[in-house]
Structure formats: C-alpha cells, structure tokens
Amino acid sequence: METFVVSALKYRPKTFEEVVGQKAITQTLENAIEKNQLAQALLFCGPRGVGKTSCARILAKKINGLDNADPNQDFAFNIFELDAASNNSVDDIRSLNEQVRIPPQVGTHKIYIIDEVHMLSIGAFNAFLKTLEEPPKHVIFILATTEKQKIIPTILSRCQTYDFKRISVKDCKDHLQKIAEDQKITFEEEALDLIAQKADGAMRDALSTFDRMVNFTNRNLTVKSVSENLNVLDHDTFFSITTLILNHDIPGLLSALDKILQKGFDELQFITGLASHFRDLLVSKEEKNLPLLEVSETTQKRYIEQTTNAPLPLLLSGIDLASKCELDYRNTKNKRLLIELCLMQMASLHFEGK
C-alpha cells in the first residue's frame, strides 16, 4: 500500500509566496534579506498552525541562498531545529552555546530554529541571554512560540518580534479550494466554509479536518455531510430559524429546535450560533461592512436579503436575549426549556420599520 501523506505536510509552504495569510511578515523578511538588514535574533509568535515554523525553515534556506536548491538535499548540518519543550534544561542551552561558536560548513550562516521557546526553564533562559545578545556573526536565531507572554522580558528585548495573525476564513477557504481542485475532489463552497470556520484561524487544523472530511464523504464534500461530521450548525439552519422568528411562528420554532437537538447538537451551541447570526445580519445592513462577515458571496447575498426583513430593534433585542440565555444556561437544570423560552420571547418581539 502506498504511504499516505497528510495535506498539512504535502502542501507545506516551500516559498514565502506559498505562505497563506501572512503577507506582511513574509514581505518584511524578503526585504530584510535583500537589503542585508536581517536581525540575528528573530521571534516568531502567534497562534498554532499559522506558519511560524514553515516561515522559519523557508527563511533559513533563503539566508544561505539554498531556497532554489534540490529540496531532497540534506542541509541539516547548518540548519538546526531544537524543540524547547523537550530540550529545556540549562545543560541543553549550554551545549547549544558551545555549538554556535563553530563556523558553518556550507553557506554563510548557521541558523538555529528553537520551537516552543517559552518552554525553556528560567535557568535556561538566563544561560541563553549572553549568546542571544552578542551572537557570533555567522549565527542567526529564529525563536518560535505560541505563548509570547511566558517569555522573560530580557529575552524579548533582544529579539526582533514578528506577530503572526490568525488566518482569515476567506484565505483558509481559498487555500482549501485550491487543494480540493488539485486533488480533483468534488466540493460545495459552503462545506469548505464550515471547515475553515471550525479551524479558527489555524491552517494546520483546517488541513487535518479537510483530510478527515474527504475520507468521510468519499471525496464529495457537501454541506450536509460536513456539518453532521463536524457537529457544526450550517448557515441554512440559522436562516430558517430567523425566518420563523420574523414570522412569529412559535410552533414551527419548537419543532425546528427539536429536530436540531435530535441530530446531536447541544442547546448552548445553537443559541450561541443564533446570536452570531443576528450579529451578521446587523453587519449586513451596511454594505461597507460586508467584508466583516467572512463568508462566501452566495451567503453574503442571503444575509443582505434576510436583513431587509429584520428590523434593527428586533436584532438588537434578539442578541440581548441570546446573551442572557447563555449566561443563565449553566445555572439552570432544565436547559431545553430555557432555550425554548428564549426562542418564544424572540418570536414575540414586535417592531415596525426596518
């Protein structure tokens, strides 16, 4: 059987152009190399799965002019990766301090990529200070962390910091679409939207979920199948619920809620999603705010259509009721009754005008 390569590895960026959603950082690094103004100590910080280690590896190769070389060639002797989670003692850092004195065998620099640097002990941080402040000319340190606040200030002050941002739903969805087309996988755009939203800004999580969904749906990604497997309520659900609220249809609402709960979704997830839907309807009332939705163009049109029938006071009162329901949820014994009461109150709201 042929070895399967997960998408997170198969589509790992090999150049700065391939890095998704971090244009400002990649452009800055490109310019710094081009002008020979790259600091010797860099700190890449940000959420997991947004490209910190990938950018560090790309940068390491570009520094030595190896970015166009044979990708199968082993450059391990002048690009070193250290996992601070398992090499966090004073002795580990002292050993590193000894190694950095030796000049590179290939290229102009030795690059040390230290991942999860916040895991170093206080003693290890202190042992690292002097080397980080005055590194040999042939050494560049690239530190990566998901928890910048845990790094001691004396280390932070010696590094040039790059803050990686969460990847937007649109960028994530566009990247998944390219991969789906490359693998000739049938998909619905809304299904990719759901995967991107579930990933919460982490591309690695999105790719892992994408692989799982491809197997589950037998290479046919539909909104219905992805929604059921991810246990995520899709936009259709909230559009239909909101229509029932706007029509003051209490029996229809109770019946729709029952069907949602029977599918395995919990009450809190539903009411939180409904509040977010009302928020998106509020945003849709101004055309200039549409980019804040982070949904496909088709879904944007549906928001614009529904918001014309939803009075502003009703949406504000609906969000207020949903927020109060969320607060009361953990303290009530009859959770279903609480959600039903909230929906009945929403459906009983009467406002004139839009």
# chains A, B, ... in the order shown; residues from 1 in each chain; ligands from 1
>>> residues_around(residues="range 161-176 of chain A", least_positions_apart="2", cutoff="8 Å", atoms="only C-alpha atoms", output="tab-separated table (two decimals) with N, CA and C atoms, in the first residue's frame")
chain	number	residue	atom	x	y	z
A	20	VAL	N	0.21	31.19	3.49
A	20	VAL	CA	-1.14	31.75	3.44
A	20	VAL	C	-1.37	32.75	4.57
A	21	GLY	N	-1.88	33.94	4.22
A	21	GLY	CA	-2.36	34.89	5.21
A	21	GLY	C	-1.34	35.66	6.02
A	22	GLN	N	-0.04	35.60	5.64
A	22	GLN	CA	0.99	36.31	6.41
A	22	GLN	C	1.83	37.20	5.50
A	25	ILE	N	4.38	39.83	6.95
A	25	ILE	CA	5.59	39.27	7.55
A	25	ILE	C	6.54	38.73	6.49
A	42	LEU	N	15.48	36.54	15.89
A	42	LEU	CA	14.10	36.81	15.48
A	42	LEU	C	13.15	35.99	16.36
A	43	LEU	N	12.01	36.58	16.69
A	43	LEU	CA	10.99	35.87	17.46
A	43	LEU	C	9.70	35.83	16.66
A	44	PHE	N	9.27	34.61	16.29
A	44	PHE	CA	8.01	34.42	15.58
A	44	PHE	C	6.97	33.98	16.61
A	45	CYS	N	5.95	34.79	16.82
A	45	CYS	CA	4.93	34.41	17.80
A	45	CYS	C	3.54	34.52	17.19
A	46	GLY	N	2.62	33.73	17.70
A	46	GLY	CA	1.26	33.72	17.17
A	46	GLY	C	0.58	32.39	17.47
A	47	PRO	N	-0.69	32.24	17.08
A	47	PRO	CA	-1.44	31.00	17.36
A	47	PRO	C	-0.81	29.80	16.65
A	50	VAL	N	-0.25	28.55	12.08
A	50	VAL	CA	-0.41	29.69	11.17
A	50	VAL	C	0.84	29.94	10.30
A	51	GLY	N	1.88	29.09	10.45
A	51	GLY	CA	3.02	29.19	9.54
A	51	GLY	C	4.33	29.65	10.17
A	52	LYS	N	4.44	29.65	11.49
A	52	LYS	CA	5.67	30.14	12.14
A	52	LYS	C	6.88	29.27	11.79
A	156	LEU	N	12.90	38.95	25.27
A	156	LEU	CA	12.09	39.70	24.29
A	156	LEU	C	12.83	40.94	23.78
A	159	CYS	N	15.26	40.40	20.86
A	159	CYS	CA	14.75	39.81	19.61
A	159	CYS	C	13.95	40.81	18.79
A	178	LYS	N	-8.14	25.39	-3.54
A	178	LYS	CA	-7.04	25.05	-4.45
A	178	LYS	C	-6.61	23.60	-4.27
A	179	ILE	N	-6.54	23.16	-3.01
A	179	ILE	CA	-6.13	21.78	-2.73
A	179	ILE	C	-7.18	20.80	-3.23
A	180	ALA	N	-8.46	21.13	-3.01
A	180	ALA	CA	-9.54	20.25	-3.47
A	180	ALA	C	-9.52	20.12	-4.98
A	192	LEU	N	-16.52	23.92	2.46
A	192	LEU	CA	-15.17	24.40	2.75
A	192	LEU	C	-15.22	25.55	3.75
A	193	ASP	N	-16.28	26.36	3.65
A	193	ASP	CA	-16.51	27.46	4.60
A	193	ASP	C	-16.60	26.92	6.02
A	195	ILE	N	-15.43	24.09	7.22
A	195	ILE	CA	-14.13	23.57	7.67
A	195	ILE	C	-13.23	24.73	8.09
A	196	ALA	N	-13.22	25.80	7.29
A	196	ALA	CA	-12.39	26.97	7.60
A	196	ALA	C	-12.81	27.63	8.91
A	197	GLN	N	-14.12	27.71	9.15
A	197	GLN	CA	-14.61	28.31	10.39
A	197	GLN	C	-14.26	27.44	11.59
A	200	ASP	N	-10.72	27.84	13.11
A	200	ASP	CA	-10.48	29.00	13.97
A	200	ASP	C	-9.12	29.65	13.72
A	201	GLY	N	-8.79	29.86	12.44
A	201	GLY	CA	-7.57	30.60	12.10
A	201	GLY	C	-6.31	29.78	12.00
A	202	ALA	N	-6.39	28.47	12.22
A	202	ALA	CA	-5.20	27.61	12.16
A	202	ALA	C	-5.24	26.76	10.89
A	203	MET	N	-4.33	27.02	9.94
A	203	MET	CA	-4.33	26.31	8.67
A	203	MET	C	-4.05	24.82	8.86
A	206	ALA	N	-7.17	23.15	9.78
A	206	ALA	CA	-8.07	23.11	8.62
A	206	ALA	C	-7.70	21.96	7.68
A	207	LEU	N	-6.41	21.78	7.44
A	207	LEU	CA	-5.95	20.72	6.53
A	207	LEU	C	-6.20	19.33	7.13
A	210	PHE	N	-9.85	18.76	6.80
A	210	PHE	CA	-10.13	18.53	5.37
A	210	PHE	C	-9.86	17.08	4.99
A	294	GLU	N	-16.94	37.37	6.56
A	294	GLU	CA	-16.06	36.22	6.30
A	294	GLU	C	-16.85	34.99	5.84
A	295	VAL	N	-17.72	35.20	4.85
A	295	VAL	CA	-18.48	34.10	4.25
A	295	VAL	C	-18.40	34.23	2.74
A	296	SER	N	-18.89	33.23	2.03
A	296	SER	CA	-18.86	33.27	0.57
A	296	SER	C	-19.83	34.32	0.03
>>> residues_around(residues="Asp92 in chain A", least_positions_apart="4", cutoff="10 Å", atoms="only C-alpha atoms", output="VMD selection string")
chain A and resid 82 84 86 to 88 96 to 97 120 124 127
>>> write_last_selection(atoms="C-alpha atoms", output="tab-separated table (two decimals), in the first residue's frame")
chain	number	residue	atom	x	y	z
A	82	LEU	CA	15.61	22.43	18.56
A	84	ALA	CA	12.45	23.62	23.58
A	86	SER	CA	11.95	18.53	25.38
A	87	ASN	CA	15.32	20.35	25.49
A	88	ASN	CA	14.57	22.96	28.12
A	96	LEU	CA	23.86	24.99	22.24
A	97	ASN	CA	26.14	27.86	23.31
A	120	LEU	CA	12.64	26.87	28.44
A	124	ALA	CA	17.96	28.01	30.55
A	127	ALA	CA	22.10	30.81	30.20
>>> residues_around(residues="Leu230 in chain A", least_positions_apart="5", cutoff="9 Å", atoms="only C-alpha atoms", output="ChimeraX atom specification")
/A:194-195,198,209,213,225
>>> residues_around(residues="Asp115 in chain A", least_positions_apart="3", cutoff="10 Å", atoms="only C-alpha atoms", output="ChimeraX atom specification")
/A:44,52-53,56,81-85,112,118-119,142-146
>>> write_last_selection(atoms="N, CA and C atoms", output="CSV table (one decimal), in the first residue's frame")
chain,number,residue,atom,x,y,z
A,44,PHE,N,9.3,34.6,16.3
A,44,PHE,CA,8.0,34.4,15.6
A,44,PHE,C,7.0,34.0,16.6
A,52,LYS,N,4.4,29.6,11.5
A,52,LYS,CA,5.7,30.1,12.1
A,52,LYS,C,6.9,29.3,11.8
A,53,THR,N,6.8,28.0,12.0
A,53,THR,CA,7.9,27.1,11.7
A,53,THR,C,8.2,27.0,10.2
A,56,ALA,N,10.1,30.0,9.3
A,56,ALA,CA,11.5,29.9,9.8
A,56,ALA,C,12.3,29.0,8.9
A,81,GLU,N,17.3,22.5,14.2
A,81,GLU,CA,16.0,22.7,14.8
A,81,GLU,C,16.0,22.1,16.2
A,82,LEU,N,15.6,22.9,17.2
A,82,LEU,CA,15.6,22.4,18.6
A,82,LEU,C,14.2,22.6,19.1
A,83,ASP,N,13.7,21.5,19.7
A,83,ASP,CA,12.4,21.6,20.4
A,83,ASP,C,12.6,21.9,21.8
A,84,ALA,N,12.2,23.2,22.2
A,84,ALA,CA,12.5,23.6,23.6
A,84,ALA,C,11.6,22.9,24.6
A,85,ALA,N,10.5,22.3,24.1
A,85,ALA,CA,9.6,21.5,25.0
A,85,ALA,C,10.3,20.3,25.6
A,112,TYR,N,19.7,28.5,13.8
A,112,TYR,CA,19.1,27.7,14.9
A,112,TYR,C,17.6,28.1,15.0
A,118,HIS,N,9.0,29.3,24.7
A,118,HIS,CA,8.5,29.6,26.1
A,118,HIS,C,8.6,28.5,27.1
A,119,MET,N,8.9,27.3,26.6
A,119,MET,CA,9.0,26.1,27.5
A,119,MET,C,10.4,26.0,28.2
A,142,ILE,N,16.3,31.9,15.3
A,142,ILE,CA,14.8,32.1,15.0
A,142,ILE,C,14.1,31.4,16.1
A,143,LEU,N,13.4,32.1,16.9
A,143,LEU,CA,12.7,31.5,18.0
A,143,LEU,C,11.2,31.5,17.7
A,144,ALA,N,10.5,30.5,18.0
A,144,ALA,CA,9.0,30.4,17.7
A,144,ALA,C,8.3,30.1,18.9
A,145,THR,N,7.1,30.7,19.1
A,145,THR,CA,6.3,30.4,20.3
A,145,THR,C,4.9,30.7,20.1
A,146,THR,N,4.0,30.0,20.8
A,146,THR,CA,2.6,30.3,20.8
A,146,THR,C,2.2,31.1,22.0
>>> residues_around(residues="Ile58 in chain A", least_positions_apart="5", cutoff="12 Å", atoms="only C-alpha atoms", output="VMD selection string")
chain A and resid 12 to 19 26 29 to 30 33 51 to 53 63 to 69 71 79 111 113 142
>>> select_by_dssp(residues="range 64-262 of chain A", states="strand (DSSP E)", output="ChimeraX atom specification")
/A:79-83,110-115,139-145,160-163,186-187,220-221
>>> residues_around(residues="range 303-316 of chain A", least_positions_apart="6", cutoff="12 Å", atoms="only C-alpha atoms", output="PyMOL selection string")
chain A and resi 235-236+238-248+274-290+293-297+322-323+345-354
>>> closest_residue(among="A:Leu321, A:Ile260, A:Leu254, A:Ala199", to="Leu337 in chain A", atoms="only C-alpha atoms")
A:Leu254
>>> closest_residue(among="A:Val117, A:Ile102, A:Ile319, A:Ile93", to="Thr131 in chain A", atoms="only C-alpha atoms")
A:Ile93
>>> select_by_dssp(residues="range 21-210 of chain A", states="alpha helix (DSSP H)", output="PyMOL selection string")
chain A and resi 23-34+52-63+90-99+122-133+153-156+169-182+189-199+203-210
>>> write_last_selection(atoms="C-alpha atoms", output="PDB file, in the first residue's frame")
ATOM      1  CA  LYS A  23       1.854  38.641   3.523  1.00  0.00           C
ATOM      2  CA  ALA A  24       3.108  41.500   5.731  1.00  0.00           C
ATOM      3  CA  ILE A  25       5.594  39.268   7.552  1.00  0.00           C
ATOM      4  CA  THR A  26       6.880  37.387   4.507  1.00  0.00           C
ATOM      5  CA  GLN A  27       7.353  40.653   2.576  1.00  0.00           C
ATOM      6  CA  THR A  28       9.271  42.199   5.505  1.00  0.00           C
ATOM      7  CA  LEU A  29      11.568  39.176   5.721  1.00  0.00           C
ATOM      8  CA  GLU A  30      12.140  39.182   1.945  1.00  0.00           C
ATOM      9  CA  ASN A  31      13.110  42.873   2.068  1.00  0.00           C
ATOM     10  CA  ALA A  32      15.395  42.346   5.075  1.00  0.00           C
ATOM     11  CA  ILE A  33      17.325  39.587   3.252  1.00  0.00           C
ATOM     12  CA  GLU A  34      17.502  41.590   0.029  1.00  0.00           C
ATOM     13  CA  LYS A  52       5.669  30.136  12.140  1.00  0.00           C
ATOM     14  CA  THR A  53       7.900  27.068  11.741  1.00  0.00           C
ATOM     15  CA  SER A  54       7.310  26.935   7.981  1.00  0.00           C
ATOM     16  CA  CYS A  55       8.442  30.564   7.624  1.00  0.00           C
ATOM     17  CA  ALA A  56      11.462  29.856   9.822  1.00  0.00           C
ATOM     18  CA  ARG A  57      12.544  26.974   7.555  1.00  0.00           C
ATOM     19  CA  ILE A  58      11.986  28.995   4.374  1.00  0.00           C
ATOM     20  CA  LEU A  59      13.936  31.917   5.851  1.00  0.00           C
ATOM     21  CA  ALA A  60      16.783  29.632   6.929  1.00  0.00           C
ATOM     22  CA  LYS A  61      17.234  28.372   3.361  1.00  0.00           C
ATOM     23  CA  LYS A  62      16.948  31.848   1.821  1.00  0.00           C
ATOM     24  CA  ILE A  63      19.610  33.237   4.146  1.00  0.00           C
ATOM     25  CA  VAL A  90      20.380  24.652  31.441  1.00  0.00           C
ATOM     26  CA  ASP A  91      22.661  21.857  30.129  1.00  0.00           C
ATOM     27  CA  ASP A  92      20.802  21.809  26.785  1.00  0.00           C
ATOM     28  CA  ILE A  93      21.342  25.553  26.319  1.00  0.00           C
ATOM     29  CA  ARG A  94      24.986  25.343  27.430  1.00  0.00           C
ATOM     30  CA  SER A  95      25.516  22.669  24.776  1.00  0.00           C
ATOM     31  CA  LEU A  96      23.862  24.992  22.239  1.00  0.00           C
ATOM     32  CA  ASN A  97      26.139  27.859  23.310  1.00  0.00           C
ATOM     33  CA  GLU A  98      29.165  25.650  22.595  1.00  0.00           C
ATOM     34  CA  GLN A  99      27.878  24.644  19.155  1.00  0.00           C
ATOM     35  CA  ILE A 122      14.282  30.282  33.841  1.00  0.00           C
ATOM     36  CA  GLY A 123      17.813  28.935  34.248  1.00  0.00           C
ATOM     37  CA  ALA A 124      17.958  28.009  30.549  1.00  0.00           C
ATOM     38  CA  PHE A 125      16.704  31.477  29.553  1.00  0.00           C
ATOM     39  CA  ASN A 126      19.414  33.099  31.671  1.00  0.00           C
ATOM     40  CA  ALA A 127      22.104  30.806  30.199  1.00  0.00           C
ATOM     41  CA  PHE A 128      20.919  31.839  26.724  1.00  0.00           C
ATOM     42  CA  LEU A 129      20.922  35.617  27.349  1.00  0.00           C
ATOM     43  CA  LYS A 130      24.564  36.442  26.599  1.00  0.00           C
ATOM     44  CA  THR A 131      24.680  34.340  23.420  1.00  0.00           C
ATOM     45  CA  LEU A 132      21.444  35.908  22.204  1.00  0.00           C
ATOM     46  CA  GLU A 133      22.691  39.426  22.918  1.00  0.00           C
ATOM     47  CA  PRO A 153      11.402  40.448  29.112  1.00  0.00           C
ATOM     48  CA  THR A 154      15.202  40.236  28.867  1.00  0.00           C
ATOM     49  CA  ILE A 155      14.847  37.703  26.037  1.00  0.00           C
ATOM     50  CA  LEU A 156      12.094  39.699  24.292  1.00  0.00           C
ATOM     51  CA  VAL A 169     -11.826  32.268   6.998  1.00  0.00           C
ATOM     52  CA  LYS A 170     -11.681  33.536   3.398  1.00  0.00           C
ATOM     53  CA  ASP A 171      -7.923  32.878   2.991  1.00  0.00           C
ATOM     54  CA  CYS A 172      -8.303  29.471   4.592  1.00  0.00           C
ATOM     55  CA  LYS A 173     -11.266  28.546   2.372  1.00  0.00           C
ATOM     56  CA  ASP A 174      -9.486  29.733  -0.792  1.00  0.00           C
ATOM     57  CA  HIS A 175      -6.458  27.586   0.066  1.00  0.00           C
ATOM     58  CA  LEU A 176      -8.654  24.532   0.738  1.00  0.00           C
ATOM     59  CA  GLN A 177     -10.383  25.127  -2.601  1.00  0.00           C
ATOM     60  CA  LYS A 178      -7.035  25.047  -4.449  1.00  0.00           C
ATOM     61  CA  ILE A 179      -6.130  21.784  -2.729  1.00  0.00           C
ATOM     62  CA  ALA A 180      -9.545  20.252  -3.466  1.00  0.00           C
ATOM     63  CA  GLU A 181      -9.203  21.201  -7.143  1.00  0.00           C
ATOM     64  CA  ASP A 182      -5.648  19.840  -7.215  1.00  0.00           C
ATOM     65  CA  GLU A 189     -18.120  26.065  -1.287  1.00  0.00           C
ATOM     66  CA  GLU A 190     -20.214  26.228   1.885  1.00  0.00           C
ATOM     67  CA  ALA A 191     -18.676  22.917   3.017  1.00  0.00           C
ATOM     68  CA  LEU A 192     -15.170  24.403   2.750  1.00  0.00           C
ATOM     69  CA  ASP A 193     -16.506  27.456   4.604  1.00  0.00           C
ATOM     70  CA  LEU A 194     -17.548  25.249   7.524  1.00  0.00           C
ATOM     71  CA  ILE A 195     -14.129  23.574   7.666  1.00  0.00           C
ATOM     72  CA  ALA A 196     -12.387  26.969   7.603  1.00  0.00           C
ATOM     73  CA  GLN A 197     -14.613  28.309  10.392  1.00  0.00           C
ATOM     74  CA  LYS A 198     -14.060  25.196  12.520  1.00  0.00           C
ATOM     75  CA  ALA A 199     -10.262  25.628  12.175  1.00  0.00           C
ATOM     76  CA  MET A 203      -4.331  26.306   8.671  1.00  0.00           C
ATOM     77  CA  ARG A 204      -2.847  23.070  10.011  1.00  0.00           C
ATOM     78  CA  ASP A 205      -6.141  22.280  11.797  1.00  0.00           C
ATOM     79  CA  ALA A 206      -8.073  23.110   8.616  1.00  0.00           C
ATOM     80  CA  LEU A 207      -5.954  20.716   6.534  1.00  0.00           C
ATOM     81  CA  SER A 208      -6.286  17.909   9.111  1.00  0.00           C
ATOM     82  CA  THR A 209     -10.063  18.365   9.182  1.00  0.00           C
ATOM     83  CA  PHE A 210     -10.131  18.534   5.371  1.00  0.00           C
TER      84      PHE A 210
END
